[in-house]
file start-v3.pdb (PDB, C-alpha atoms)
ATOM      1  CA  MET H 243      18.103 -48.531   3.743
ATOM      2  CA  ASN H 244      20.452 -50.179   6.243
ATOM      3  CA  ALA H 245      18.667 -51.897   9.098
ATOM      4  CA  ILE H 246      19.421 -51.208  12.763
ATOM      5  CA  TYR H 247      19.071 -54.352  14.841
ATOM      6  CA  SER H 248      18.357 -54.834  18.538
ATOM      7  CA  LYS H 249      19.165 -57.706  20.890
ATOM      8  CA  ARG H 250      16.597 -60.352  21.682
ATOM      9  CA  PHE H 251      15.337 -59.814  25.242
ATOM     10  CA  GLY H 252      18.184 -57.377  25.833
ATOM     11  CA  LEU H 253      20.821 -60.129  25.936
ATOM     12  CA  PHE H 254      20.632 -62.574  23.019
ATOM     13  CA  ARG H 255      22.174 -62.082  19.591
ATOM     14  CA  ASN H 256      19.822 -61.155  16.794
ATOM     15  CA  PRO H 257      20.051 -63.818  14.045
ATOM     16  CA  ALA H 258      18.940 -61.222  11.499
ATOM     17  CA  VAL H 259      22.494 -59.825  11.564
ATOM     18  CA  ARG H 260      23.917 -63.152  10.317
ATOM     19  CA  ARG H 261      21.193 -63.438   7.712
ATOM     20  CA  GLU H 262      22.031 -60.024   6.295
ATOM     21  CA  LEU H 263      25.763 -60.782   6.308
ATOM     22  CA  GLN H 264      25.125 -63.978   4.348
ATOM     23  CA  SER H 265      23.173 -62.008   1.744
ATOM     24  CA  LEU H 266      25.866 -59.401   1.052
ATOM     25  CA  ASP H 267      28.532 -59.282  -1.646
ATOM     26  CA  PRO H 268      32.123 -58.844  -0.356
ATOM     27  CA  ILE H 269      33.096 -56.435  -3.124
ATOM     28  CA  ARG H 270      29.947 -54.377  -3.539
ATOM     29  CA  ASP H 271      28.904 -54.403   0.124
ATOM     30  CA  ASN H 272      32.234 -54.460   1.962
ATOM     31  CA  GLN H 273      31.440 -51.274   3.917
ATOM     32  CA  ARG H 274      28.182 -52.726   5.236
ATOM     33  CA  ILE H 275      29.844 -56.041   6.089
ATOM     34  CA  VAL H 276      32.595 -54.305   8.061
ATOM     35  CA  HIS H 277      29.991 -52.220   9.893
ATOM     36  CA  LEU H 278      27.989 -55.305  10.884
ATOM     37  CA  LEU H 279      31.116 -57.133  12.028
ATOM     38  CA  THR H 280      32.364 -54.246  14.174
ATOM     39  CA  ALA H 281      29.049 -52.917  15.502
ATOM     40  CA  TYR H 282      27.225 -56.208  16.114
ATOM     41  CA  GLU H 283      29.115 -59.462  15.684
ATOM     42  CA  PHE H 284      32.609 -58.850  17.091
ATOM     43  CA  PRO H 285      33.043 -55.364  18.636
ATOM     44  CA  PHE H 286      35.311 -56.549  21.477
ATOM     45  CA  ASP H 287      37.359 -58.975  19.383
ATOM     46  CA  ILE H 288      37.989 -56.612  16.493
ATOM     47  CA  THR H 289      39.143 -53.894  18.900
ATOM     48  CA  ARG H 290      41.561 -56.308  20.598
ATOM     49  CA  SER H 291      42.819 -57.649  17.275
ATOM     50  CA  LEU H 292      43.516 -54.150  15.934
ATOM     51  CA  GLU H 293      45.404 -53.313  19.135
ATOM     52  CA  LEU H 294      47.597 -56.348  18.525
ATOM     53  CA  ALA H 295      47.883 -55.392  14.852
ATOM     54  CA  LEU H 296      49.400 -52.049  15.812
ATOM     55  CA  PHE H 297      51.644 -53.790  18.349
ATOM     56  CA  HIS H 298      52.808 -56.099  15.554
ATOM     57  CA  THR H 299      53.897 -53.144  13.418
ATOM     58  CA  TYR H 300      56.318 -51.968  16.124
ATOM     59  CA  ALA H 301      58.506 -54.998  15.355
ATOM     60  CA  SER H 302      59.591 -53.108  12.224
ATOM     61  CA  PRO H 303      62.397 -50.642  13.013
ATOM     62  CA  ARG H 304      61.101 -48.501  10.144
ATOM     63  CA  VAL H 305      57.831 -48.033  12.032
ATOM     64  CA  SER H 306      59.103 -47.988  15.612
ATOM     65  CA  GLY H 307      61.970 -45.676  14.656
ATOM     66  CA  LEU H 308      59.594 -42.977  13.429
ATOM     67  CA  LEU H 309      57.416 -43.285  16.532
ATOM     68  CA  ALA H 310      60.448 -43.115  18.797
ATOM     69  CA  ARG H 311      61.724 -39.979  17.025
ATOM     70  CA  THR H 312      58.418 -38.149  17.416
ATOM     71  CA  GLY H 313      58.247 -39.039  21.129
ATOM     72  CA  GLU H 314      54.448 -38.965  20.975
ATOM     73  CA  PHE H 315      54.024 -42.536  22.158
ATOM     74  CA  GLU H 316      56.193 -42.108  25.225
ATOM     75  CA  ARG H 317      54.935 -38.663  26.243
ATOM     76  CA  HIS H 318      51.252 -38.963  25.321
ATOM     77  CA  GLY H 319      50.609 -42.690  24.983
ATOM     78  CA  GLN H 320      46.943 -42.811  25.963
ATOM     79  CA  LYS H 321      46.154 -39.782  23.794
ATOM     80  CA  ARG H 322      47.848 -41.336  20.785
ATOM     81  CA  TYR H 323      45.988 -44.598  21.367
ATOM     82  CA  ASP H 324      42.631 -42.816  21.616
ATOM     83  CA  ASP H 325      43.347 -40.593  18.610
ATOM     84  CA  THR H 326      44.227 -43.582  16.443
ATOM     85  CA  SER H 327      41.197 -45.509  17.661
ATOM     86  CA  ARG H 328      38.906 -42.535  17.013
ATOM     87  CA  LEU H 329      39.897 -42.218  13.358
ATOM     88  CA  ILE H 330      39.987 -45.929  12.487
ATOM     89  CA  SER H 331      36.717 -46.591  14.314
ATOM     90  CA  GLU H 332      35.027 -43.811  12.375
ATOM     91  CA  PHE H 333      35.607 -45.117   8.887
ATOM     92  CA  MET H 334      35.009 -48.718   9.983
ATOM     93  CA  GLU H 335      31.691 -47.741  11.557
ATOM     94  CA  SER H 336      30.506 -45.157   9.046
ATOM     95  CA  GLY H 337      32.215 -46.442   5.905
ATOM     96  CA  TYR H 338      34.814 -44.712   3.767
ATOM     97  CA  ASP H 339      32.119 -43.240   1.509
ATOM     98  CA  SER H 340      30.263 -41.514   4.339
ATOM     99  CA  GLU H 341      30.864 -37.861   5.156
ATOM    100  CA  LYS H 342      32.432 -38.756   8.512
ATOM    101  CA  GLY H 343      34.459 -41.588   7.034
ATOM    102  CA  GLN H 344      35.889 -39.304   4.358
ATOM    103  CA  ARG H 345      36.766 -36.707   6.999
ATOM    104  CA  ALA H 346      38.514 -39.342   9.146
ATOM    105  CA  ILE H 347      40.656 -40.573   6.240
ATOM    106  CA  ALA H 348      41.425 -37.015   5.112
ATOM    107  CA  HIS H 349      42.503 -36.043   8.626
ATOM    108  CA  MET H 350      44.612 -39.187   8.933
ATOM    109  CA  ASN H 351      46.299 -38.315   5.622
ATOM    110  CA  LYS H 352      46.927 -34.775   6.867
ATOM    111  CA  ILE H 353      48.678 -36.061   9.999
ATOM    112  CA  HIS H 354      50.738 -38.609   8.052
ATOM    113  CA  GLY H 355      51.700 -35.916   5.551
ATOM    114  CA  HIS H 356      53.921 -34.278   8.150
ATOM    115  CA  TYR H 357      56.236 -37.300   8.191
ATOM    116  CA  ARG H 358      58.302 -39.144   5.585
ATOM    117  CA  ILE H 359      56.772 -42.630   5.479
ATOM    118  CA  ASP H 360      57.640 -45.139   2.794
ATOM    119  CA  ASN H 361      54.848 -46.707   0.752
ATOM    120  CA  ALA H 362      55.936 -50.209   1.824
ATOM    121  CA  ASP H 363      55.589 -49.271   5.493
ATOM    122  CA  PHE H 364      52.062 -47.982   4.890
ATOM    123  CA  LEU H 365      51.165 -51.197   3.059
ATOM    124  CA  PHE H 366      52.583 -53.298   5.891
ATOM    125  CA  VAL H 367      50.497 -51.491   8.531
ATOM    126  CA  LEU H 368      47.417 -51.748   6.325
ATOM    127  CA  ALA H 369      48.008 -55.495   5.920
ATOM    128  CA  THR H 370      47.990 -56.054   9.682
ATOM    129  CA  PHE H 371      44.535 -54.437   9.851
ATOM    130  CA  VAL H 372      43.309 -57.126   7.463
ATOM    131  CA  PHE H 373      45.049 -60.193   8.837
ATOM    132  CA  TYR H 374      44.830 -59.645  12.565
ATOM    133  CA  PRO H 375      41.014 -59.544  12.716
ATOM    134  CA  ILE H 376      40.859 -62.598  10.414
ATOM    135  CA  ASP H 377      43.419 -64.626  12.367
ATOM    136  CA  TRP H 378      42.131 -63.560  15.798
ATOM    137  CA  LEU H 379      38.484 -64.288  15.040
ATOM    138  CA  ASN H 380      39.263 -67.615  13.408
ATOM    139  CA  ARG H 381      41.069 -68.630  16.587
ATOM    140  CA  TYR H 382      39.254 -66.870  19.438
ATOM    141  CA  GLY H 383      35.997 -65.532  17.979
ATOM    142  CA  TRP H 384      32.647 -67.026  18.960
ATOM    143  CA  ARG H 385      32.471 -68.088  15.313
ATOM    144  CA  LYS H 386      34.920 -68.060  12.446
ATOM    145  CA  LEU H 387      34.657 -65.516   9.668
ATOM    146  CA  THR H 388      33.182 -66.737   6.423
ATOM    147  CA  PRO H 389      35.341 -66.508   3.271
ATOM    148  CA  SER H 390      33.048 -63.707   2.105
ATOM    149  CA  GLU H 391      33.661 -61.736   5.312
ATOM    150  CA  GLU H 392      37.419 -62.222   4.997
ATOM    151  CA  GLN H 393      37.252 -60.936   1.431
ATOM    152  CA  ALA H 394      35.178 -57.951   2.559
ATOM    153  CA  LEU H 395      37.854 -56.952   5.092
ATOM    154  CA  PHE H 396      40.454 -57.111   2.350
ATOM    155  CA  TYR H 397      38.446 -55.049  -0.148
ATOM    156  CA  PHE H 398      37.494 -52.556   2.558
ATOM    157  CA  PHE H 399      41.064 -51.823   3.602
ATOM    158  CA  ARG H 400      42.341 -51.923   0.037
ATOM    159  CA  GLU H 401      39.932 -49.079  -0.741
ATOM    160  CA  VAL H 402      41.084 -47.240   2.386
ATOM    161  CA  GLY H 403      44.627 -47.697   1.045
ATOM    162  CA  ARG H 404      43.594 -46.158  -2.272
ATOM    163  CA  ARG H 405      42.209 -43.154  -0.418
ATOM    164  CA  MET H 406      45.511 -42.890   1.435
ATOM    165  CA  ASN H 407      47.162 -42.651  -2.009
ATOM    166  CA  LEU H 408      49.120 -45.872  -1.546
ATOM    167  CA  ARG H 409      50.770 -47.487  -4.551
ATOM    168  CA  ASP H 410      51.117 -51.143  -5.580
ATOM    169  CA  LEU H 411      48.130 -52.342  -3.585
ATOM    170  CA  PRO H 412      47.873 -56.168  -3.782
ATOM    171  CA  ASN H 413      45.035 -57.651  -5.798
ATOM    172  CA  ASP H 414      43.954 -60.325  -3.329
ATOM    173  CA  LEU H 415      44.544 -61.784   0.135
ATOM    174  CA  ALA H 416      47.233 -64.185  -1.093
ATOM    175  CA  ASP H 417      49.253 -61.347  -2.633
ATOM    176  CA  LEU H 418      48.851 -59.271   0.518
ATOM    177  CA  ARG H 419      50.058 -62.184   2.681
ATOM    178  CA  ALA H 420      53.057 -62.699   0.379
ATOM    179  CA  PHE H 421      53.936 -59.007   0.586
ATOM    180  CA  THR H 422      53.681 -59.068   4.393
ATOM    181  CA  ASP H 423      55.891 -62.153   4.709
ATOM    182  CA  ALA H 424      58.520 -60.630   2.431
ATOM    183  CA  TYR H 425      58.446 -57.318   4.318
ATOM    184  CA  GLU H 426      58.901 -59.044   7.675
ATOM    185  CA  ASP H 427      61.716 -61.256   6.389
ATOM    186  CA  ARG H 428      63.528 -58.175   5.138
ATOM    187  CA  TYR H 429      63.017 -55.727   7.993
ATOM    188  CA  PHE H 430      62.105 -57.476  11.252
ATOM    189  CA  ARG H 431      64.957 -57.514  13.758
ATOM    190  CA  TYR H 432      65.556 -56.348  17.314
ATOM    191  CA  THR H 433      66.263 -52.650  17.826
ATOM    192  CA  GLU H 434      66.025 -50.359  20.849
ATOM    193  CA  SER H 435      63.216 -48.404  19.178
ATOM    194  CA  ASN H 436      61.146 -51.599  18.865
ATOM    195  CA  ARG H 437      61.544 -52.294  22.574
ATOM    196  CA  LYS H 438      60.929 -48.666  23.512
ATOM    197  CA  ILE H 439      57.602 -48.437  21.662
ATOM    198  CA  ALA H 440      56.508 -51.920  22.766
ATOM    199  CA  ASP H 441      57.185 -51.022  26.401
ATOM    200  CA  ALA H 442      55.327 -47.722  25.965
ATOM    201  CA  THR H 443      52.322 -49.688  24.672
ATOM    202  CA  VAL H 444      52.491 -52.010  27.670
ATOM    203  CA  ARG H 445      52.451 -48.975  29.987
ATOM    204  CA  ILE H 446      49.333 -47.668  28.243
ATOM    205  CA  VAL H 447      47.497 -50.935  28.855
ATOM    206  CA  GLU H 448      48.762 -51.158  32.444
ATOM    207  CA  GLY H 449      46.957 -47.879  33.054
ATOM    208  CA  TRP H 450      43.651 -49.585  32.294
ATOM    209  CA  PHE H 451      43.955 -51.983  35.240
ATOM    210  CA  PRO H 452      44.543 -51.892  39.017
ATOM    211  CA  ARG H 453      48.201 -51.756  40.011
ATOM    212  CA  PHE H 454      48.306 -55.342  41.257
ATOM    213  CA  LEU H 455      47.553 -56.570  37.713
ATOM    214  CA  HIS H 456      50.296 -54.535  36.028
ATOM    215  CA  PRO H 457      52.910 -57.340  36.171
ATOM    216  CA  LEU H 458      50.595 -59.515  34.051
ATOM    217  CA  VAL H 459      50.253 -57.116  31.101
ATOM    218  CA  GLN H 460      53.634 -57.595  29.415
ATOM    219  CA  PRO H 461      53.585 -61.407  29.746
ATOM    220  CA  THR H 462      50.067 -61.409  28.263
ATOM    221  CA  PHE H 463      51.268 -59.465  25.225
ATOM    222  CA  ALA H 464      54.201 -61.875  24.942
ATOM    223  CA  ALA H 465      51.845 -64.858  25.162
ATOM    224  CA  LEU H 466      49.661 -63.571  22.321
ATOM    225  CA  ILE H 467      52.433 -62.893  19.791
ATOM    226  CA  ASN H 468      54.734 -65.265  17.943
ATOM    227  CA  ASP H 469      58.437 -65.949  18.414
ATOM    228  CA  LYS H 470      59.390 -63.632  15.548
ATOM    229  CA  LEU H 471      57.781 -60.667  17.318
ATOM    230  CA  ARG H 472      59.120 -61.633  20.729
ATOM    231  CA  MET H 473      62.638 -61.640  19.298
ATOM    232  CA  ALA H 474      62.084 -58.259  17.617
ATOM    233  CA  PHE H 475      60.961 -56.765  20.953
ATOM    234  CA  GLY H 476      63.511 -58.577  23.090
ATOM    235  CA  TYR H 477      60.696 -60.198  25.099
ATOM    236  CA  GLN H 478      61.034 -63.562  26.766
ATOM    237  CA  ARG H 479      58.569 -66.345  26.023
ATOM    238  CA  PRO H 480      56.255 -66.654  29.059
ATOM    239  CA  PRO H 481      56.077 -69.964  30.924
ATOM    240  CA  SER H 482      53.964 -72.525  29.090
ATOM    241  CA  TRP H 483      51.440 -72.602  31.932
ATOM    242  CA  PHE H 484      50.870 -68.834  31.589
ATOM    243  CA  THR H 485      50.463 -68.997  27.822
ATOM    244  CA  GLY H 486      48.090 -71.945  28.224
ATOM    245  CA  LEU H 487      46.046 -70.097  30.833
ATOM    246  CA  THR H 488      45.783 -66.994  28.625
ATOM    247  CA  THR H 489      44.719 -68.849  25.491
ATOM    248  CA  SER H 490      42.363 -71.135  27.446
ATOM    249  CA  ALA H 491      40.582 -68.100  28.909
ATOM    250  CA  LEU H 492      40.084 -66.705  25.409
ATOM    251  CA  TRP H 493      38.798 -70.070  24.192
ATOM    252  CA  LEU H 494      36.354 -70.432  27.096
ATOM    253  CA  ARG H 495      34.840 -66.962  26.689
ATOM    254  CA  LYS H 496      33.748 -67.622  23.131
ATOM    255  CA  TRP H 497      31.275 -70.401  23.973
ATOM    256  CA  PRO H 498      28.585 -68.332  25.769
ATOM    257  CA  LEU H 499      29.101 -65.561  23.202
ATOM    258  CA  ARG H 500      27.564 -67.807  20.563
ATOM    259  CA  TRP H 501      24.189 -66.870  21.992
ATOM    260  CA  ILE H 502      24.580 -63.837  24.253
ATOM    261  CA  THR H 503      26.466 -60.548  24.153
ATOM    262  CA  PHE H 504      27.104 -57.971  26.838
ATOM    263  CA  LYS H 505      28.285 -55.278  24.445
ATOM    264  CA  PRO H 506      25.927 -52.479  23.344
ATOM    265  CA  TYR H 507      23.897 -53.396  20.272
ATOM    266  CA  PRO H 508      24.990 -51.796  18.037
ATOM    267  CA  SER H 509      28.378 -50.926  19.536
ATOM    268  CA  LEU H 510      29.055 -47.427  18.226
ATOM    269  CA  ILE H 511      31.579 -44.634  18.736
ATOM    270  CA  ALA H 512      28.921 -42.573  20.506
ATOM    271  CA  LYS H 513      28.765 -45.289  23.197
ATOM    272  CA  THR H 514      32.560 -45.752  23.438
ATOM    273  CA  THR H 515      34.649 -44.469  26.339
ATOM    274  CA  PHE H 516      37.877 -42.704  25.405
ATOM    275  CA  ARG H 517      40.085 -42.476  28.494
ATOM    276  CA  TYR H 518      41.918 -39.350  27.348
ATOM    277  CA  TYR H 519      38.616 -37.682  26.447
ATOM    278  CA  PRO H 520      36.319 -38.180  29.468
ATOM    279  CA  ASP H 521      33.692 -35.792  28.075
ATOM    280  CA  GLY H 522      32.981 -38.063  25.120
ATOM    281  CA  PRO H 523      34.361 -38.841  21.656
ATOM    282  CA  PRO H 524      36.432 -35.931  20.320
ATOM    283  CA  ASP H 525      35.701 -34.292  16.989
ATOM    284  CA  ILE H 526      37.467 -35.944  14.075
ATOM    285  CA  GLU H 527      39.649 -32.924  13.290
ATOM    286  CA  ALA H 528      40.540 -32.429  16.982
ATOM    287  CA  VAL H 529      42.691 -35.558  17.297
ATOM    288  CA  GLY H 530      46.380 -35.875  16.551
ATOM    289  CA  PRO H 531      49.673 -34.453  17.845
ATOM    290  CA  ASP H 532      49.077 -31.017  19.346
ATOM    291  CA  GLY H 533      51.890 -29.479  17.330
ATOM    292  CA  LEU H 534      50.254 -30.486  14.049
ATOM    293  CA  LEU H 535      46.691 -29.303  14.748
TER     294      LEU H 535
END
call {"tool": "encode", "arguments": {"input": "start-v3.pdb", "output": "structure tokens"}}
result
Amino acid sequence: MNAIYSKRFGLFRNPAVRRELQSLDPIRDNQRIVHLLTAYEFPFDITRSLELALFHTYASPRVSGLLARTGEFERHGQKRYDDTSRLISEFMESGYDSEKGQRAIAHMNKIHGHYRIDNADFLFVLATFVFYPIDWLNRYGWRKLTPSEEQALFYFFREVGRRMNLRDLPNDLADLRAFTDAYEDRYFRYTESNRKIADATVRIVEGWFPRFLHPLVQPTFAALINDKLRMAFGYQRPPSWFTGLTTSALWLRKWPLRWITFKPYPSLIAKTTFRYYPDGPPDIEAVGPDGLL
């Protein structure tokens, strides 16, 4: 039976979470490992890293072009963000074998089935969901992921890929990284659709903050991505002082988080605020483009 942990004195991390993680097998127990990482260890960081992962995919004209043609991102940006978050969060929290996890993947497949999407594009998006949490946490997390946890993320999303009926799934992290590098070398370039979807994403995030902070959102995105992505979006590199300030703030926040956490414990969908759905998390089958439901 999977344990449910509580904070120590309502503020301090429970070391039992780390002890369980260290006892688990990355192949056999990848669903439990991903749950512990997202619900206890890194709820904020994994959410931010997956947001950047999706942003990364818009540097591919094959991805941004489809999104631009549907118009969903520009017309209903916050809804699309919340819908995507609702489905991904469900199978990461509940596991792909759970009843809710299976429903989330099935509904995601149903939505994708209305569009012509190449297998390579699916694999590329899936790869970002593996590498962005690993790279983000190893740089900005309050601790680095263990090799076992990195492997668990890979095996978890590879199984999700199988349930999405993807072909030619890589056998290990090295193969997945090689595929991603080759895909980006072949397809990444600047197009208007890249810029259009990137700017639409920036507008979504601007809506989360007071108006006087809006001018900082796009430079922050630009500071957190590499030159290859900036070129694909047509974004300028921010001044070095701004990039340094942004990364320094992320470095500083991780030190107190070694011992304390302000996030709910566990951090679950039921406790998550969805801006487009103020009455609470929507039903799994209720999310998606209105015309497809």
call {"tool": "resolve_selection", "arguments": {"input": "start-v3.pdb", "expression": "the PyMOL selection byres ((chain H and resi 294) around 9)", "output": "PyMOL selection string"}}
result
chain H and resi 289-293+295-299+370+374+463+466-467
call {"tool": "closest_atom_pairs", "arguments": {"input": "start-v3.pdb", "of": "segment 456-518 of chain H", "to": "segment 422-435 of chain H", "cutoff": "10 Å", "atoms": "all atoms listed in the file", "output": "Markdown table"}}
result
| residue | atom | partner | partner_atom | distance |
| --- | --- | --- | --- | --- |
| H:Lys470 | CA | H:Phe430 | CA | 8.0 |
| H:Leu471 | CA | H:Phe430 | CA | 8.1 |
| H:Arg472 | CA | H:Tyr432 | CA | 9.0 |
| H:Met473 | CA | H:Tyr432 | CA | 6.4 |
| H:Ala474 | CA | H:Tyr432 | CA | 4.0 |
| H:Phe475 | CA | H:Tyr432 | CA | 5.9 |
| H:Gly476 | CA | H:Tyr432 | CA | 6.5 |
| H:Tyr477 | CA | H:Tyr432 | CA | 10.0 |
call {"tool": "closest_residue", "arguments": {"input": "start-v3.pdb", "among": "H:Tyr338, H:Tyr382, H:Phe364, H:Phe333", "to": "Arg500 of chain H", "atoms": "all atoms listed in the file"}}
result
H:Tyr382
call {"tool": "resolve_selection", "arguments": {"input": "start-v3.pdb", "expression": "the PyMOL selection byres ((chain H and resi 392-404) around 7)", "output": "PyMOL selection string"}}
result
chain H and resi 268-269+272-273+275-276+338+368+372+376+387-391+405-408+411+415
call {"tool": "residues_around", "arguments": {"input": "start-v3.pdb", "residues": "Ala465 of chain H", "least_positions_apart": "3", "cutoff": "8 Å", "atoms": "only C-alpha atoms", "output": "PyMOL selection string"}}
result
chain H and resi 461-462+468+479-480+484-485+488
call {"tool": "atom_distance", "arguments": {"input": "start-v3.pdb", "atom1": "atom CA of Thr280 of chain H", "atom2": "atom CA of Arg250 of chain H"}}
result
18.5 Å
call {"tool": "closest_residue", "arguments": {"input": "start-v3.pdb", "among": "H:Trp493, H:Tyr323, H:Phe251, H:Phe454", "to": "Arg385 of chain H", "atoms": "all atoms listed in the file"}}
result
H:Trp493
call {"tool": "atom_distance", "arguments": {"input": "start-v3.pdb", "atom1": "atom CA of Pro531 of chain H", "atom2": "atom CA of Ile288 of chain H"}}
result
25.1 Å
call {"tool": "decode", "arguments": {"input": "start-v3.pdb", "residues": "segment 343-373 of chain H", "atoms": "C-alpha atoms", "output": "compact mmCIF listing (two decimals), in the first residue's frame"}}
result
# COMPACT_ATOMS: atom_id res chain seq x y z
CA GLY H 343 -4.60 7.87 -15.61
CA GLN H 344 -5.95 5.58 -18.31
CA ARG H 345 -8.88 7.94 -18.89
CA ALA H 346 -6.53 10.94 -19.18
CA ILE H 347 -4.33 9.21 -21.78
CA ALA H 348 -7.36 7.92 -23.70
CA HIS H 349 -8.89 11.40 -23.79
CA MET H 350 -5.58 12.91 -24.88
CA ASN H 351 -5.40 10.33 -27.70
CA LYS H 352 -8.96 11.18 -28.72
CA ILE H 353 -8.13 14.88 -29.02
CA HIS H 354 -4.89 14.21 -30.92
CA GLY H 355 -6.76 11.85 -33.24
CA HIS H 356 -8.53 14.80 -34.84
CA TYR H 357 -5.24 16.12 -36.23
CA ARG H 358 -2.54 14.73 -38.52
CA ILE H 359 0.57 14.61 -36.32
CA ASP H 360 3.72 12.82 -37.38
CA ASN H 361 5.21 10.17 -35.10
CA ALA H 362 8.51 12.07 -34.92
CA ASP H 363 6.74 15.19 -33.66
CA PHE H 364 5.03 13.17 -30.92
CA LEU H 365 8.37 11.64 -29.92
CA PHE H 366 10.00 15.08 -29.81
CA VAL H 367 7.32 16.49 -27.49
CA LEU H 368 7.53 13.39 -25.30
CA ALA H 369 11.32 13.79 -25.09
CA THR H 370 11.02 17.33 -23.74
CA PHE H 371 8.84 16.00 -20.90
CA VAL H 372 11.74 13.77 -19.89
CA PHE H 373 14.67 16.11 -20.32
